[in-house]
$ cat coords-v3.tsv   # TSV, C-alpha atoms and all ligand atoms
chain	number	residue	atom	x	y	z
A	282	MET	CA	21.08	2.79	-22.53
A	283	SER	CA	18.27	0.50	-23.57
A	284	GLU	CA	15.95	1.98	-26.21
A	285	VAL	CA	13.10	-0.20	-25.09
A	286	ALA	CA	11.35	-0.69	-21.77
A	287	LEU	CA	9.73	-3.98	-20.87
A	288	ALA	CA	6.59	-3.30	-18.84
A	289	ALA	CA	3.97	-5.48	-17.10
A	290	THR	CA	0.85	-4.18	-18.81
A	291	LEU	CA	-2.74	-5.02	-17.90
A	292	PHE	CA	-5.20	-5.31	-20.81
A	293	GLY	CA	-8.17	-6.77	-18.94
A	294	PRO	CA	-9.06	-9.21	-16.12
A	295	GLU	CA	-6.23	-11.79	-15.76
A	296	ASP	CA	-4.67	-10.45	-18.96
A	297	LEU	CA	-1.27	-9.15	-17.87
A	298	ARG	CA	1.53	-9.23	-20.43
A	299	MET	CA	5.13	-8.13	-20.58
A	300	VAL	CA	5.10	-5.54	-23.36
A	301	ALA	CA	8.14	-3.92	-24.99
A	302	GLN	CA	7.69	-0.18	-25.43
A	303	PRO	CA	10.11	2.14	-27.22
A	304	LEU	CA	11.49	4.81	-24.90
A	305	ASP	CA	10.86	8.41	-25.87
A	306	PRO	CA	13.70	10.88	-25.32
A	307	LEU	CA	13.53	12.00	-21.69
A	308	ALA	CA	11.33	15.08	-21.26
A	309	LYS	CA	12.85	18.18	-19.67
A	310	GLY	CA	12.45	18.21	-15.91
A	311	MET	CA	11.94	14.45	-15.70
A	312	VAL	CA	14.21	11.73	-14.35
A	313	ARG	CA	14.54	8.28	-15.93
A	314	ILE	CA	14.68	5.41	-13.45
A	315	LYS	CA	16.16	1.99	-14.04
A	316	PHE	CA	14.06	-0.59	-12.20
A	317	GLY	CA	15.56	-1.91	-8.96
A	318	ALA	CA	12.72	-3.72	-7.17
A	319	ALA	CA	8.97	-3.47	-6.63
A	320	GLY	CA	6.39	-4.86	-4.25
A	321	ILE	CA	3.17	-6.44	-5.50
A	322	CYS	CA	0.34	-4.70	-3.68
A	323	GLY	CA	-3.23	-5.80	-2.93
A	324	SER	CA	-4.49	-3.16	-5.36
A	325	ASP	CA	-2.24	-4.56	-8.12
A	326	MET	CA	-3.84	-7.94	-7.45
A	327	HIS	CA	-7.34	-6.42	-7.58
A	328	TYR	CA	-6.53	-4.80	-10.91
A	329	PHE	CA	-5.06	-8.08	-12.15
A	330	ARG	CA	-8.16	-10.11	-11.27
A	331	HIS	CA	-10.95	-7.66	-12.09
A	332	ALA	CA	-9.30	-4.84	-14.10
A	333	ARG	CA	-10.61	-2.53	-11.39
A	334	THR	CA	-10.19	-1.75	-7.71
A	335	GLY	CA	-12.96	-0.04	-5.74
A	336	ASN	CA	-14.28	2.67	-8.06
A	337	PHE	CA	-11.17	2.81	-10.27
A	338	VAL	CA	-11.76	0.99	-13.58
A	339	VAL	CA	-9.06	0.16	-16.13
A	340	THR	CA	-10.29	1.59	-19.46
A	341	SER	CA	-7.00	1.41	-21.44
A	342	PRO	CA	-3.80	-0.69	-21.06
A	343	LEU	CA	-2.26	0.02	-17.64
A	344	VAL	CA	1.30	-0.69	-16.49
A	345	LEU	CA	0.90	-1.76	-12.86
A	346	GLY	CA	3.18	-1.02	-9.92
A	347	HIS	CA	3.52	1.76	-7.35
A	348	GLU	CA	5.83	0.25	-4.69
A	349	ILE	CA	9.10	0.90	-6.46
A	350	ALA	CA	12.78	1.62	-6.07
A	351	GLY	CA	15.54	1.99	-8.60
A	352	THR	CA	18.59	3.79	-9.91
A	353	VAL	CA	18.68	7.21	-11.56
A	354	ALA	CA	19.62	6.46	-15.19
A	355	GLU	CA	19.21	9.91	-16.75
A	356	VAL	CA	18.42	13.39	-15.48
A	357	GLY	CA	16.47	15.67	-17.84
A	358	LEU	CA	17.42	18.90	-16.12
A	359	GLN	CA	20.51	19.78	-14.15
A	360	GLY	CA	20.24	21.40	-10.75
A	361	THR	CA	18.07	18.77	-9.08
A	362	HIS	CA	19.13	16.87	-5.97
A	363	LEU	CA	19.64	13.79	-8.14
A	364	LYS	CA	22.53	12.47	-10.17
A	365	VAL	CA	22.96	9.46	-12.41
A	366	GLY	CA	23.68	6.36	-10.34
A	367	ASP	CA	21.77	7.46	-7.22
A	368	HIS	CA	19.60	4.80	-5.63
A	369	VAL	CA	16.14	6.16	-4.92
A	370	ALA	CA	12.88	5.38	-3.19
A	371	ILE	CA	10.05	6.56	-5.43
A	372	ASN	CA	6.90	8.20	-4.14
A	373	PRO	CA	4.26	7.12	-6.69
A	374	SER	CA	2.10	10.21	-6.09
A	375	ARG	CA	2.37	13.51	-7.91
A	376	TRP	CA	0.15	16.21	-6.43
A	377	CYS	CA	-0.56	19.74	-7.69
A	378	GLY	CA	0.48	21.75	-4.63
A	379	HIS	CA	-2.11	24.49	-5.13
A	380	CYS	CA	-5.62	23.05	-4.65
A	381	ALA	CA	-7.48	23.57	-1.34
A	382	ARG	CA	-6.47	20.16	0.05
A	383	CYS	CA	-2.82	20.59	-0.91
A	384	ARG	CA	-2.78	24.03	0.71
A	385	GLU	CA	-4.15	22.67	3.97
A	386	GLY	CA	-1.41	20.03	4.08
A	387	ARG	CA	-3.37	16.97	2.97
A	388	ALA	CA	-1.75	16.34	-0.39
A	389	ASN	CA	-3.00	12.73	-0.45
A	390	LEU	CA	-6.46	14.23	-1.00
A	391	CYS	CA	-5.25	16.53	-3.81
A	392	GLU	CA	-8.00	17.14	-6.35
A	393	ASN	CA	-5.51	16.85	-9.21
A	394	ILE	CA	-3.34	14.01	-7.96
A	395	TYR	CA	-1.76	11.46	-10.25
A	396	PHE	CA	-0.70	8.13	-8.86
A	397	MET	CA	1.52	5.65	-10.69
A	398	GLY	CA	-0.07	2.40	-11.81
A	399	SER	CA	-3.57	3.64	-10.95
A	400	ALA	CA	-6.74	3.94	-13.01
A	401	SER	CA	-8.06	6.72	-10.74
A	402	LYS	CA	-7.54	9.19	-13.59
A	403	THR	CA	-8.00	8.86	-17.36
A	404	PRO	CA	-5.66	8.68	-19.17
A	405	HIS	CA	-4.16	6.40	-16.53
A	406	MET	CA	-0.75	7.19	-15.09
A	407	GLN	CA	1.52	4.26	-15.93
A	408	GLY	CA	3.20	2.32	-13.13
A	409	GLY	CA	6.66	1.14	-12.28
A	410	PHE	CA	6.65	-2.58	-13.14
A	411	ALA	CA	8.92	-1.64	-16.05
A	412	THR	CA	12.64	-1.88	-16.76
A	413	PHE	CA	12.69	1.92	-17.24
A	414	PHE	CA	10.15	4.60	-16.31
A	415	ASP	CA	10.12	8.38	-15.84
A	416	VAL	CA	9.26	10.41	-12.72
A	417	VAL	CA	9.72	13.98	-11.49
A	418	PRO	CA	12.64	14.68	-9.11
A	419	ALA	CA	10.26	15.53	-6.23
A	420	GLN	CA	9.11	11.90	-6.24
A	421	CYS	CA	12.61	10.62	-5.46
A	422	ILE	CA	14.38	10.24	-2.12
A	423	VAL	CA	18.02	9.19	-2.32
A	424	VAL	CA	18.87	6.14	-0.16
A	425	PRO	CA	22.18	4.50	0.75
A	426	LYS	CA	23.52	2.18	-1.94
A	427	ASP	CA	24.02	-0.72	0.46
A	428	LEU	CA	20.31	-0.89	1.28
A	429	PRO	CA	18.55	-3.65	-0.73
A	430	PHE	CA	16.12	-2.30	-3.34
A	431	ALA	CA	13.50	-4.75	-2.07
A	432	SER	CA	13.44	-2.96	1.32
A	433	VAL	CA	13.40	0.48	-0.27
A	434	ALA	CA	10.42	-0.49	-2.45
A	435	LEU	CA	8.39	-1.25	0.67
A	436	ALA	CA	8.57	2.39	1.82
A	437	GLU	CA	5.31	2.95	-0.06
A	438	PRO	CA	3.15	0.39	1.79
A	439	LEU	CA	4.82	1.39	5.06
A	440	ALA	CA	3.83	5.01	4.36
A	441	VAL	CA	0.21	3.88	3.86
A	442	CYS	CA	0.33	2.24	7.28
A	443	LEU	CA	2.05	5.10	9.09
A	444	HIS	CA	-0.67	7.35	7.70
A	445	ALA	CA	-3.39	4.99	8.94
A	446	ALA	CA	-1.81	4.89	12.39
A	447	SER	CA	-1.68	8.68	12.50
A	448	ARG	CA	-5.35	8.89	11.40
A	449	ALA	CA	-6.19	6.86	14.51
A	450	GLY	CA	-4.87	9.63	16.79
A	451	ASP	CA	-3.00	8.95	20.01
A	452	LEU	CA	-2.35	5.21	20.22
A	453	LYS	CA	-0.37	5.17	23.44
A	454	GLY	CA	-1.51	2.31	25.64
A	455	ARG	CA	-4.55	1.70	23.40
A	456	ARG	CA	-6.08	-1.70	22.85
A	457	VAL	CA	-5.89	-2.12	19.08
A	458	ALA	CA	-7.53	-4.64	16.75
A	459	LEU	CA	-6.86	-5.10	13.05
A	460	PHE	CA	-9.00	-6.93	10.51
A	461	GLY	CA	-6.76	-8.37	7.78
A	462	ALA	CA	-3.27	-9.81	8.26
A	463	GLY	CA	-1.92	-9.04	4.79
A	464	PRO	CA	1.10	-6.78	4.32
A	465	ILE	CA	-0.89	-3.60	5.05
A	466	GLY	CA	-2.47	-5.11	8.18
A	467	LEU	CA	0.91	-6.34	9.41
A	468	LEU	CA	2.70	-3.05	8.71
A	469	THR	CA	-0.16	-1.12	10.32
A	470	MET	CA	0.25	-3.36	13.36
A	471	LEU	CA	3.98	-2.54	13.47
A	472	SER	CA	3.22	1.16	12.95
A	473	ALA	CA	0.68	1.11	15.81
A	474	LYS	CA	3.24	-0.62	18.02
A	475	LEU	CA	5.81	2.05	17.12
A	476	ALA	CA	3.22	4.68	18.10
A	477	GLY	CA	2.93	3.08	21.54
A	478	ALA	CA	-0.17	0.88	21.18
A	479	GLY	CA	-0.64	-1.36	24.21
A	480	ASP	CA	-2.28	-4.54	23.07
A	481	LEU	CA	-2.51	-5.82	19.48
A	482	THR	CA	-5.17	-8.23	18.22
A	483	MET	CA	-5.10	-9.50	14.63
A	484	ILE	CA	-8.18	-10.98	12.93
A	485	ASP	CA	-8.30	-12.84	9.63
A	486	ILE	CA	-9.94	-15.78	7.86
A	487	ALA	CA	-6.69	-17.64	7.08
A	488	GLY	CA	-4.29	-19.39	9.43
A	489	GLN	CA	-0.98	-18.61	7.69
A	490	PRO	CA	-1.19	-14.82	7.85
A	491	LEU	CA	-2.29	-15.04	11.50
A	492	ALA	CA	0.73	-17.18	12.36
A	493	PHE	CA	2.83	-14.51	10.70
A	494	ALA	CA	1.12	-11.81	12.77
A	495	ARG	CA	1.99	-13.68	15.98
A	496	LYS	CA	5.59	-13.91	14.84
A	497	LEU	CA	5.61	-10.13	14.33
A	498	GLY	CA	4.24	-9.48	17.83
A	499	ALA	CA	0.43	-9.77	17.83
A	500	ASN	CA	-0.72	-10.41	21.43
A	501	ALA	CA	-3.84	-12.27	20.27
A	502	THR	CA	-5.21	-13.56	16.97
A	503	PHE	CA	-8.66	-14.72	15.85
A	504	ASP	CA	-9.45	-16.88	12.84
A	505	ILE	CA	-13.06	-15.97	12.02
A	506	SER	CA	-13.39	-18.27	9.01
A	507	GLU	CA	-15.74	-20.46	11.03
A	508	GLY	CA	-17.60	-17.80	12.95
A	509	ASN	CA	-17.23	-14.70	15.03
A	510	ASP	CA	-18.28	-16.07	18.45
A	511	LYS	CA	-14.86	-16.10	20.12
A	512	LEU	CA	-13.98	-12.65	18.83
A	513	VAL	CA	-17.32	-11.20	19.92
A	514	ALA	CA	-16.92	-12.76	23.39
A	515	ALA	CA	-13.40	-11.34	23.73
A	516	ALA	CA	-14.56	-7.91	22.60
A	517	GLN	CA	-17.50	-8.00	25.01
A	518	GLU	CA	-15.14	-8.65	27.87
A	519	GLN	CA	-12.73	-5.96	26.75
A	520	PRO	CA	-13.75	-3.93	23.68
A	521	PHE	CA	-11.10	-2.47	21.38
A	522	ASP	CA	-10.24	1.23	21.68
A	523	VAL	CA	-9.09	1.43	18.06
A	524	VAL	CA	-9.97	-0.88	15.18
A	525	PHE	CA	-8.31	-0.84	11.75
A	526	GLU	CA	-10.41	-2.37	8.94
A	527	VAL	CA	-7.83	-3.44	6.36
A	528	THR	CA	-9.66	-6.15	4.38
A	529	GLY	CA	-12.22	-4.09	2.50
A	530	ALA	CA	-14.81	-6.83	3.13
A	531	PRO	CA	-18.21	-5.44	4.19
A	532	SER	CA	-18.58	-8.32	6.69
A	533	ALA	CA	-15.30	-7.30	8.35
A	534	LEU	CA	-16.45	-3.70	8.56
A	535	ALA	CA	-19.65	-4.93	10.24
A	536	MET	CA	-17.55	-6.83	12.80
A	537	ALA	CA	-15.29	-3.81	13.30
A	538	ILE	CA	-18.33	-1.66	14.12
A	539	ARG	CA	-19.52	-4.37	16.48
A	540	THR	CA	-16.25	-4.89	18.37
A	541	VAL	CA	-14.94	-1.32	18.73
A	542	CYS	CA	-15.67	0.21	22.12
A	543	ARG	CA	-18.23	2.94	22.76
A	544	GLY	CA	-16.56	6.22	21.81
A	545	GLY	CA	-13.84	4.28	19.97
A	546	VAL	CA	-12.03	4.97	16.72
A	547	LEU	CA	-12.53	2.92	13.55
A	548	VAL	CA	-10.07	3.51	10.70
A	549	GLN	CA	-11.05	2.26	7.23
A	550	ILE	CA	-7.94	1.39	5.17
A	551	GLY	CA	-9.27	-1.54	3.14
A	552	ASN	CA	-10.70	-0.78	-0.28
A	553	LEU	CA	-14.42	-1.59	0.09
A	554	PRO	CA	-16.43	-2.55	-3.00
A	555	GLY	CA	-17.50	0.43	-5.12
A	556	GLY	CA	-21.15	1.39	-4.73
A	557	GLU	CA	-23.44	0.82	-1.76
A	558	ILE	CA	-22.83	-1.85	0.88
A	559	PRO	CA	-25.00	-2.93	3.79
A	560	VAL	CA	-23.37	-2.21	7.17
A	561	PRO	CA	-24.88	-1.76	10.65
A	562	ALA	CA	-24.23	1.98	10.43
A	563	ASN	CA	-26.64	2.98	13.20
A	564	ALA	CA	-24.04	1.86	15.75
A	565	ILE	CA	-21.77	4.66	14.50
A	566	MET	CA	-24.32	7.02	16.04
A	567	ALA	CA	-25.31	4.94	19.07
A	568	LYS	CA	-21.72	4.17	20.11
A	569	GLU	CA	-20.32	7.53	18.97
A	570	ILE	CA	-17.72	5.75	16.85
A	571	ASP	CA	-15.19	8.01	15.14
A	572	PHE	CA	-15.26	6.40	11.69
A	573	ARG	CA	-12.27	7.70	9.72
A	574	GLY	CA	-11.02	6.96	6.23
A	575	SER	CA	-7.34	6.54	5.49
A	576	PHE	CA	-6.21	7.04	1.88
A	577	ARG	CA	-2.63	6.57	0.73
A	578	PHE	CA	-0.21	8.94	2.55
A	579	ASP	CA	1.38	12.35	2.54
A	580	LYS	CA	4.48	13.30	4.53
A	581	GLU	CA	4.63	9.75	5.85
A	582	PHE	CA	6.51	8.67	2.72
A	583	ALA	CA	9.68	10.46	3.81
A	584	ARG	CA	9.25	9.08	7.32
A	585	ALA	CA	8.83	5.55	5.95
A	586	VAL	CA	12.06	5.84	3.95
A	587	ASP	CA	13.80	7.15	7.05
A	588	LEU	CA	12.50	4.28	9.20
A	589	ILE	CA	13.72	1.74	6.66
A	590	VAL	CA	17.13	3.41	6.33
A	591	GLN	CA	17.51	3.60	10.13
A	592	GLY	CA	16.12	0.09	10.70
A	593	GLY	CA	13.21	1.38	12.82
A	594	ILE	CA	10.87	-1.09	11.12
A	595	ASP	CA	12.19	-4.23	9.48
A	596	VAL	CA	10.14	-4.52	6.29
A	597	GLN	CA	12.24	-7.37	4.86
A	598	GLN	CA	10.67	-9.85	7.25
A	599	LEU	CA	7.41	-9.56	5.28
A	600	ILE	CA	8.95	-10.68	2.00
A	601	THR	CA	7.99	-14.30	1.28
A	602	ALA	CA	9.16	-14.52	-2.33
A	603	ARG	CA	11.31	-12.71	-4.90
A	604	ARG	CA	10.74	-13.07	-8.63
A	605	PRO	CA	12.31	-11.42	-11.68
A	606	LEU	CA	10.37	-8.51	-13.18
A	607	ALA	CA	10.11	-10.48	-16.45
A	608	ASP	CA	7.95	-13.05	-14.58
A	609	THR	CA	5.42	-10.54	-13.21
A	610	PRO	CA	2.30	-12.39	-14.47
A	611	ALA	CA	3.34	-15.61	-12.65
A	612	ALA	CA	4.47	-13.62	-9.60
A	613	MET	CA	1.01	-12.05	-9.46
A	614	ARG	CA	-0.60	-15.51	-9.24
A	615	LEU	CA	1.83	-16.48	-6.48
A	616	ALA	CA	0.98	-13.28	-4.57
A	617	LEU	CA	-2.73	-14.15	-4.78
A	618	ASP	CA	-2.15	-17.40	-2.88
A	619	ARG	CA	-2.43	-16.32	0.75
A	620	SER	CA	-1.45	-19.77	2.02
A	621	GLN	CA	2.03	-19.13	0.58
A	622	SER	CA	2.51	-15.41	0.25
A	623	ILE	CA	2.65	-12.35	2.43
A	624	LYS	CA	4.68	-10.01	0.22
A	625	VAL	CA	6.02	-10.90	-3.21
A	626	VAL	CA	8.76	-8.64	-4.51
A	627	LEU	CA	9.85	-8.25	-8.12
A	628	GLU	CA	13.55	-7.76	-8.75
A	629	ALA	CA	15.55	-6.63	-11.76
A	630	SER	CA	16.46	-9.57	-13.97
A	631	SER	CA	20.22	-9.50	-14.11
B	701	ZN	ZN	0.05	-0.37	-2.57
B	702	ZN	ZN	-3.59	19.57	-5.06
$ encode --input "coords-v3.tsv" --output "structure tokens" --more "lines below"
Ligand SMILES: [Zn+2]
Ligand SMILES: [Zn+2]
Amino acid sequence: MSEVALAATLFGPEDLRMVAQPLDPLAKGMVRIKFGAAGICGSDMHYFRHARTGNFVVTSPLVLGHEIAGTVAEVGLQGTHLKVGDHVAINPSRWCGHCARCREGRANLCENIYFMGSASKTPHMQGGFATFFDVVPAQCIVVPKDLPFASVALAEPLAVCLHAASRAGDLKGRRVALFGAGPIGLLTMLSAKLAGAGDLTMIDIAGQPLAFARKLGANATFDISEGNDKLVAAAQEQPFDVVFEVTGAPSALAMAIRTVCRGGVLVQIGNLPGGEIPVPANAIMAKEIDFRGSFRFDKEFARAVDLIVQGGIDVQQLITARRPLADTPAAMRLALDRSQSIKVVLEASS
């Protein structure tokens, strides 16, 4: 086995380098994974550009990547469900299991959670854009070997979206709007559809992602790059029962508050800027809006893997480019170009 791992490591804004790191002997109870494929996420791109996302600030070199799949290369303890050679989907979160939130079944809100490739904790937990990396067995779900790693890697963003859809409550027959037609917006749209949503409207400021949304089944789309008038008129005629804010732009949140119906549900998935932002919050009271946050996922990870294995949601259709892991810095720039990219996937360099 290789004695060195090559990892996409972030040192500061726009300073992402492939760094060779010697591999320590595998710790007891851990599993070493050989990289199979990984998705580049919006939060990876935020980290890449600003060395931060929301309130999480990179204070020491951080290996990015949390949408990952690979092969079990070494098992540090016998008696787990894993064996060398297994293909696995990897849940990037490691929760404590005993804090109040874990005990009430909301492990995504664990007070002691670690998340791969995230600066939420210091020291940071390193991510999976690396030829080899170590996880605990509980993070791994074995998948069939004939399933492409690129699909398996997208279980993580799908889990985020399944969680968001479940935060919205009963979606059957609901008129749903989504702000932001990136991968999370699109997968949330597909998750809402799977949950029985009636009518799906996608809103964005770029034409390409909206065309993609129509291809994936959006009933209506609005490009609000040149104003909100058409959207506001449509929402006045027939307001949305449920709105998902996926962009993290304060202006989109303002529009979401404006276009959701009285008594409607507004789910915040997008990572808003850290600190205070001006929003027309009084309408939350006056319209009795249920304003709900949605953060990562919990049991939805296993469901996402299952849906991908069974073909319940076709995640491959979102992939617009594949690049070798060794070219992560260039792949990151490609992913940032929304006129070209929906989802960029890194693959093992053979
Ligand atoms: Zn992600
Ligand atoms: Zn916990």
$ atom_distance --input "coords-v3.tsv" --atom1 "atom CA of A:Leu497" --atom2 "atom CA of A:Leu475"
12.5 Å
$ residues_near_point --input "coords-v3.tsv" --point "(-15.8, -6.8, 11.2)" --cutoff "10 Å" --atoms "only C-alpha atoms" --output "PDB file with C-alpha atoms, in the frame of the given file"
ATOM      1  CA  LEU A 459      -6.860  -5.100  13.050  1.00  0.00           C
ATOM      2  CA  PHE A 460      -9.000  -6.930  10.510  1.00  0.00           C
ATOM      3  CA  GLY A 461      -6.760  -8.370   7.780  1.00  0.00           C
ATOM      4  CA  ILE A 484      -8.180 -10.980  12.930  1.00  0.00           C
ATOM      5  CA  ASP A 485      -8.300 -12.840   9.630  1.00  0.00           C
ATOM      6  CA  ILE A 505     -13.060 -15.970  12.020  1.00  0.00           C
ATOM      7  CA  ASN A 509     -17.230 -14.700  15.030  1.00  0.00           C
ATOM      8  CA  LEU A 512     -13.980 -12.650  18.830  1.00  0.00           C
ATOM      9  CA  VAL A 513     -17.320 -11.200  19.920  1.00  0.00           C
ATOM     10  CA  VAL A 524      -9.970  -0.880  15.180  1.00  0.00           C
ATOM     11  CA  PHE A 525      -8.310  -0.840  11.750  1.00  0.00           C
ATOM     12  CA  GLU A 526     -10.410  -2.370   8.940  1.00  0.00           C
ATOM     13  CA  VAL A 527      -7.830  -3.440   6.360  1.00  0.00           C
ATOM     14  CA  THR A 528      -9.660  -6.150   4.380  1.00  0.00           C
ATOM     15  CA  GLY A 529     -12.220  -4.090   2.500  1.00  0.00           C
ATOM     16  CA  ALA A 530     -14.810  -6.830   3.130  1.00  0.00           C
ATOM     17  CA  PRO A 531     -18.210  -5.440   4.190  1.00  0.00           C
ATOM     18  CA  SER A 532     -18.580  -8.320   6.690  1.00  0.00           C
ATOM     19  CA  ALA A 533     -15.300  -7.300   8.350  1.00  0.00           C
ATOM     20  CA  LEU A 534     -16.450  -3.700   8.560  1.00  0.00           C
ATOM     21  CA  ALA A 535     -19.650  -4.930  10.240  1.00  0.00           C
ATOM     22  CA  MET A 536     -17.550  -6.830  12.800  1.00  0.00           C
ATOM     23  CA  ALA A 537     -15.290  -3.810  13.300  1.00  0.00           C
ATOM     24  CA  ILE A 538     -18.330  -1.660  14.120  1.00  0.00           C
ATOM     25  CA  ARG A 539     -19.520  -4.370  16.480  1.00  0.00           C
ATOM     26  CA  THR A 540     -16.250  -4.890  18.370  1.00  0.00           C
ATOM     27  CA  VAL A 541     -14.940  -1.320  18.730  1.00  0.00           C
ATOM     28  CA  VAL A 560     -23.370  -2.210   7.170  1.00  0.00           C
TER      29      VAL A 560
END
$ closest_residue --input "coords-v3.tsv" --among "A:Arg387, A:Arg495, A:Arg448, A:Arg577" --to "ligand ZN 702 (chain B)" --atoms "only C-alpha atoms and all ligand atoms"
A:Arg387
$ residues_near_ligand --input "coords-v3.tsv" --ligand "ligand ZN 701 (chain B)" --cutoff "7 Å" --atoms "all atoms listed in the file" --output "list in words"
Cys322, Gly323, Ser324, His347, Glu348, Glu437 and Pro438 of chain A
$ closest_residue --input "coords-v3.tsv" --among "A:Ala301, A:Ala462, A:Leu547, A:Ala308" --to "A:Asp571" --atoms "all atoms listed in the file"
A:Leu547
$ decode --input "coords-v3.tsv" --residues "stretch 530-590 of chain A" --atoms "C-alpha atoms" --output "mmCIF file, in the first residue's frame"
data_model
loop_
_atom_site.group_PDB
_atom_site.id
_atom_site.type_symbol
_atom_site.label_atom_id
_atom_site.label_comp_id
_atom_site.auth_asym_id
_atom_site.auth_seq_id
_atom_site.Cartn_x
_atom_site.Cartn_y
_atom_site.Cartn_z
ATOM 1 C CA ALA A 530 -28.305 35.189 -0.374
ATOM 2 C CA PRO A 531 -30.128 37.605 1.954
ATOM 3 C CA SER A 532 -32.013 39.044 -1.054
ATOM 4 C CA ALA A 533 -33.334 35.566 -1.896
ATOM 5 C CA LEU A 534 -34.443 35.051 1.690
ATOM 6 C CA ALA A 535 -36.298 38.378 1.481
ATOM 7 C CA MET A 536 -38.078 37.167 -1.672
ATOM 8 C CA ALA A 537 -38.831 33.809 -0.055
ATOM 9 C CA ILE A 538 -40.518 35.591 2.862
ATOM 10 C CA ARG A 539 -42.437 37.700 0.373
ATOM 11 C CA THR A 540 -43.661 34.876 -1.880
ATOM 12 C CA VAL A 541 -44.530 32.154 0.649
ATOM 13 C CA CYS A 542 -48.241 31.980 1.450
ATOM 14 C CA ARG A 543 -49.805 33.087 4.730
ATOM 15 C CA GLY A 544 -49.290 30.230 7.176
ATOM 16 C CA GLY A 545 -46.712 28.693 4.829
ATOM 17 C CA VAL A 546 -43.430 26.936 5.512
ATOM 18 C CA LEU A 547 -40.021 28.423 4.696
ATOM 19 C CA VAL A 548 -37.009 26.100 4.935
ATOM 20 C CA GLN A 549 -33.547 27.697 5.091
ATOM 21 C CA ILE A 550 -30.906 25.367 3.587
ATOM 22 C CA GLY A 551 -28.554 27.923 2.044
ATOM 23 C CA ASN A 552 -25.615 29.067 4.137
ATOM 24 C CA LEU A 553 -26.376 32.754 4.839
ATOM 25 C CA PRO A 554 -23.488 35.138 5.570
ATOM 26 C CA GLY A 555 -22.214 34.934 9.156
ATOM 27 C CA GLY A 556 -23.337 37.799 11.375
ATOM 28 C CA GLU A 557 -26.438 39.950 11.060
ATOM 29 C CA ILE A 558 -28.353 40.418 7.804
ATOM 30 C CA PRO A 559 -31.283 42.685 7.006
ATOM 31 C CA VAL A 560 -34.448 40.729 6.137
ATOM 32 C CA PRO A 561 -38.131 41.720 6.277
ATOM 33 C CA ALA A 562 -38.586 39.546 9.362
ATOM 34 C CA ASN A 563 -41.837 41.147 10.528
ATOM 35 C CA ALA A 564 -43.681 39.148 7.864
ATOM 36 C CA ILE A 565 -42.699 35.969 9.724
ATOM 37 C CA MET A 566 -45.053 37.186 12.446
ATOM 38 C CA ALA A 567 -47.706 38.811 10.266
ATOM 39 C CA LYS A 568 -48.017 35.845 7.871
ATOM 40 C CA GLU A 569 -47.387 33.205 10.549
ATOM 41 C CA ILE A 570 -44.577 31.727 8.467
ATOM 42 C CA ASP A 571 -42.999 28.566 9.864
ATOM 43 C CA PHE A 572 -39.347 29.495 9.326
ATOM 44 C CA ARG A 573 -37.254 26.340 9.757
ATOM 45 C CA GLY A 574 -33.534 25.709 9.472
ATOM 46 C CA SER A 575 -32.178 22.605 7.800
ATOM 47 C CA PHE A 576 -28.616 21.562 8.684
ATOM 48 C CA ARG A 577 -26.865 18.591 7.106
ATOM 49 C CA PHE A 578 -28.746 15.297 7.768
ATOM 50 C CA ASP A 579 -29.183 12.407 10.132
ATOM 51 C CA LYS A 580 -30.836 9.098 9.227
ATOM 52 C CA GLU A 581 -31.361 10.416 5.709
ATOM 53 C CA PHE A 582 -27.837 9.343 4.772
ATOM 54 C CA ALA A 583 -28.772 5.658 4.802
ATOM 55 C CA ARG A 584 -31.947 6.457 2.885
ATOM 56 C CA ALA A 585 -29.973 8.418 0.292
ATOM 57 C CA VAL A 586 -27.611 5.483 -0.258
ATOM 58 C CA ASP A 587 -30.602 3.188 -0.583
ATOM 59 C CA LEU A 588 -32.300 5.476 -3.114
ATOM 60 C CA ILE A 589 -29.136 5.597 -5.209
ATOM 61 C CA VAL A 590 -28.643 1.820 -5.042
#
